[in-house]
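Asks: Have a look at this one.
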Amino acid sequence: MKRQALLCLLTTLLAARPLVAGQAPAPPATGGRVFELRTYTASPGKLDALNARFRNHTLALFRKHGMEIVGFWMPVDKEAGAGEKLVYILAHQSRAAATASWQAFRVDPDWVKVKADSETDGVLAAKVESVFLAGTDYSPLK
């Protein structure tokens with residue numbers, strides 16, 4: 001999914017109110033809760049297996065390690081990555097909490113086994129992108 005399309009999706013999700021004409025947008029809030037927008041480009045022919053791994057294993061491990069699942073989406077339009085991309089958003093109490101959660105997740109014996117078992121025929125994700133975001137003062141989701 002192109003970066004502009006991702007930002008458009010995020011804007012739609014995180015900013016429910018339109019700006020008042022002539023009013024400059026408020027800067028993002030500092031400190032506190034952060035959101036992580038992650039985009040996975042599946043290896044050829046592996047999107048179903050990637051979705052199955054999230055559905056059957058990864059979500060429970062995210063919760064175990066303190067990651068709040070906001071939602072998962074798949075692009076609808078081909079030019080945005082339909083059929084090859086998976087997009088999701090996690091919420092973390094802070095950027096430091098995100099770092100700690102990911103460090104614990106990556107060495108969790110359950111994750112190490114699930115990843116190895118699911119990739120016997122090759123890696124499921126050819127590319128993973130991550131962007132950290134903070135809600136604006138006017139965002140209903142912070």
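By convention here, the chains of the structure tokens are called A, B, ... in the order presented, each chain's residues are numbered starting at 1, and ligands are numbered starting at 1 in the order presented.
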Among stretch 51-125 of chain A, which ones does DSSP place in strand (DSSP E), written as a list in words?
Replies: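 In stretch 51-125 of chain A, DSSP puts these residues in strand (DSSP E): Glu68, Ile69, Val70, Gly71, Phe72, Trp73, Lys85, Leu86, Val87, Tyr88, Ile89, Leu90, Ala91, His92 and Ala125 of chain A.
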Asks: Excluding A:Ala91 and its own-chain neighbours fewer than 2 positions away, which residues fall within 10 Å of it when counting only C-alpha atoms? Please give them as a list in words.
Replies: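 Surrounding residues, per the criterion: Arg33, Val34, Phe35, Glu36, Leu37, Gly66, Met67, Glu68, Ile69, Val70, Gly71, Ile89, Gln93, Ser94, Arg95, Ala97, Ala98, Phe132, Leu133, Ala134 and Lys142 of chain A.
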Asks: Could you check how far atom CA of A:Glu79 sits from atom CA of A:Asn51, in Å to one decimal?
Replies: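 Atom-to-atom, atom CA of A:Glu79 to atom CA of A:Asn51, that is 20.1 Å.
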Asks: Kindly give the distance, in Å, that separates atom CA of A:Arg38 and atom CA of A:Ala125, rounded to a single decimal.
Replies: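 A separation of 11.9 Å between them.
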Asks: Write out as number ranges by chain the residues lying within 8 Å of A:Val128, counting only C-alpha atoms and excluding same-chain residues fewer than 6 positions away.
Replies: A: 38-41
Asks: Pull C-alpha atoms from the residues just selected and write them as a PDB file, in the first residue's frame.
Replies:
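Result went into again_37.pdb, see below:
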ATOM      1  CA  ARG A  38       2.019  -2.064  10.518  1.00  0.00           C
ATOM      2  CA  THR A  39       1.837  -3.169   6.891  1.00  0.00           C
ATOM      3  CA  TYR A  40       2.834  -6.665   5.822  1.00  0.00           C
ATOM      4  CA  THR A  41       3.488  -7.518   2.193  1.00  0.00           C
TER       5      THR A  41
END
Asks: So that I can see what lies close to stretch 108-110 of chain A, please list as a PyMOL selection string the residues with an atom at most 12 Å from it, counting only C-alpha atoms and leaving out residues fewer than 4 positions away in the same chain.
Replies: chain A and resi 57-58+60-62+64-65+101-104+114-117
Asks: Could you save those same residues with N, CA and C atoms as a JSON list (two decimals), in the first residue's frame?
Replies:
[["chain", "number", "residue", "atom", "x", "y", "z"],
["A", 57, "HIS", "N", -2.62, -17.76, 16.14],
["A", 57, "HIS", "CA", -1.51, -17.72, 17.09],
["A", 57, "HIS", "C", -1.09, -16.32, 17.53],
["A", 58, "THR", "N", -0.82, -15.46, 16.56],
["A", 58, "THR", "CA", -0.17, -14.18, 16.86],
["A", 58, "THR", "C", -1.01, -13.27, 17.74],
["A", 60, "ALA", "N", -3.12, -13.88, 20.12],
["A", 60, "ALA", "CA", -3.02, -14.28, 21.54],
["A", 60, "ALA", "C", -1.66, -13.89, 22.11],
["A", 61, "LEU", "N", -0.61, -14.01, 21.32],
["A", 61, "LEU", "CA", 0.72, -13.63, 21.78],
["A", 61, "LEU", "C", 0.85, -12.12, 21.93],
["A", 62, "PHE", "N", 0.21, -11.36, 21.04],
["A", 62, "PHE", "CA", 0.20, -9.90, 21.20],
["A", 62, "PHE", "C", -0.42, -9.54, 22.55],
["A", 64, "LYS", "N", -0.75, -11.40, 25.20],
["A", 64, "LYS", "CA", 0.13, -11.89, 26.27],
["A", 64, "LYS", "C", 1.23, -10.89, 26.59],
["A", 65, "HIS", "N", 1.69, -10.18, 25.57],
["A", 65, "HIS", "CA", 2.80, -9.24, 25.74],
["A", 65, "HIS", "C", 2.35, -7.79, 25.84],
["A", 101, "SER", "N", 7.50, -4.69, 24.70],
["A", 101, "SER", "CA", 6.57, -5.74, 24.24],
["A", 101, "SER", "C", 7.13, -6.50, 23.06],
["A", 102, "TRP", "N", 7.66, -5.76, 22.07],
["A", 102, "TRP", "CA", 8.22, -6.42, 20.89],
["A", 102, "TRP", "C", 9.44, -7.26, 21.25],
["A", 103, "GLN", "N", 10.28, -6.78, 22.15],
["A", 103, "GLN", "CA", 11.46, -7.56, 22.55],
["A", 103, "GLN", "C", 11.03, -8.87, 23.21],
["A", 104, "ALA", "N", 10.04, -8.81, 24.09],
["A", 104, "ALA", "CA", 9.56, -10.03, 24.76],
["A", 104, "ALA", "C", 8.86, -10.96, 23.77],
["A", 114, "VAL", "N", 5.93, -21.13, 16.60],
["A", 114, "VAL", "CA", 4.89, -20.84, 15.61],
["A", 114, "VAL", "C", 5.50, -20.29, 14.33],
["A", 115, "LYS", "N", 6.44, -19.38, 14.46],
["A", 115, "LYS", "CA", 7.09, -18.79, 13.28],
["A", 115, "LYS", "C", 7.82, -19.87, 12.49],
["A", 116, "ALA", "N", 8.61, -20.68, 13.18],
["A", 116, "ALA", "CA", 9.36, -21.73, 12.49],
["A", 116, "ALA", "C", 8.42, -22.73, 11.82],
["A", 117, "ASP", "N", 7.38, -23.15, 12.53],
["A", 117, "ASP", "CA", 6.44, -24.13, 11.97],
["A", 117, "ASP", "C", 5.69, -23.57, 10.77]]
Asks: Return the single residue from A:Asn56, A:Ser43, A:Thr120, A:Thr136 that is closest to A:Leu86, with distances computed using only C-alpha atoms.
Replies: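 Nearest candidate to A:Leu86 out of A:Asn56, A:Ser43, A:Thr120, A:Thr136: A:Ser43.
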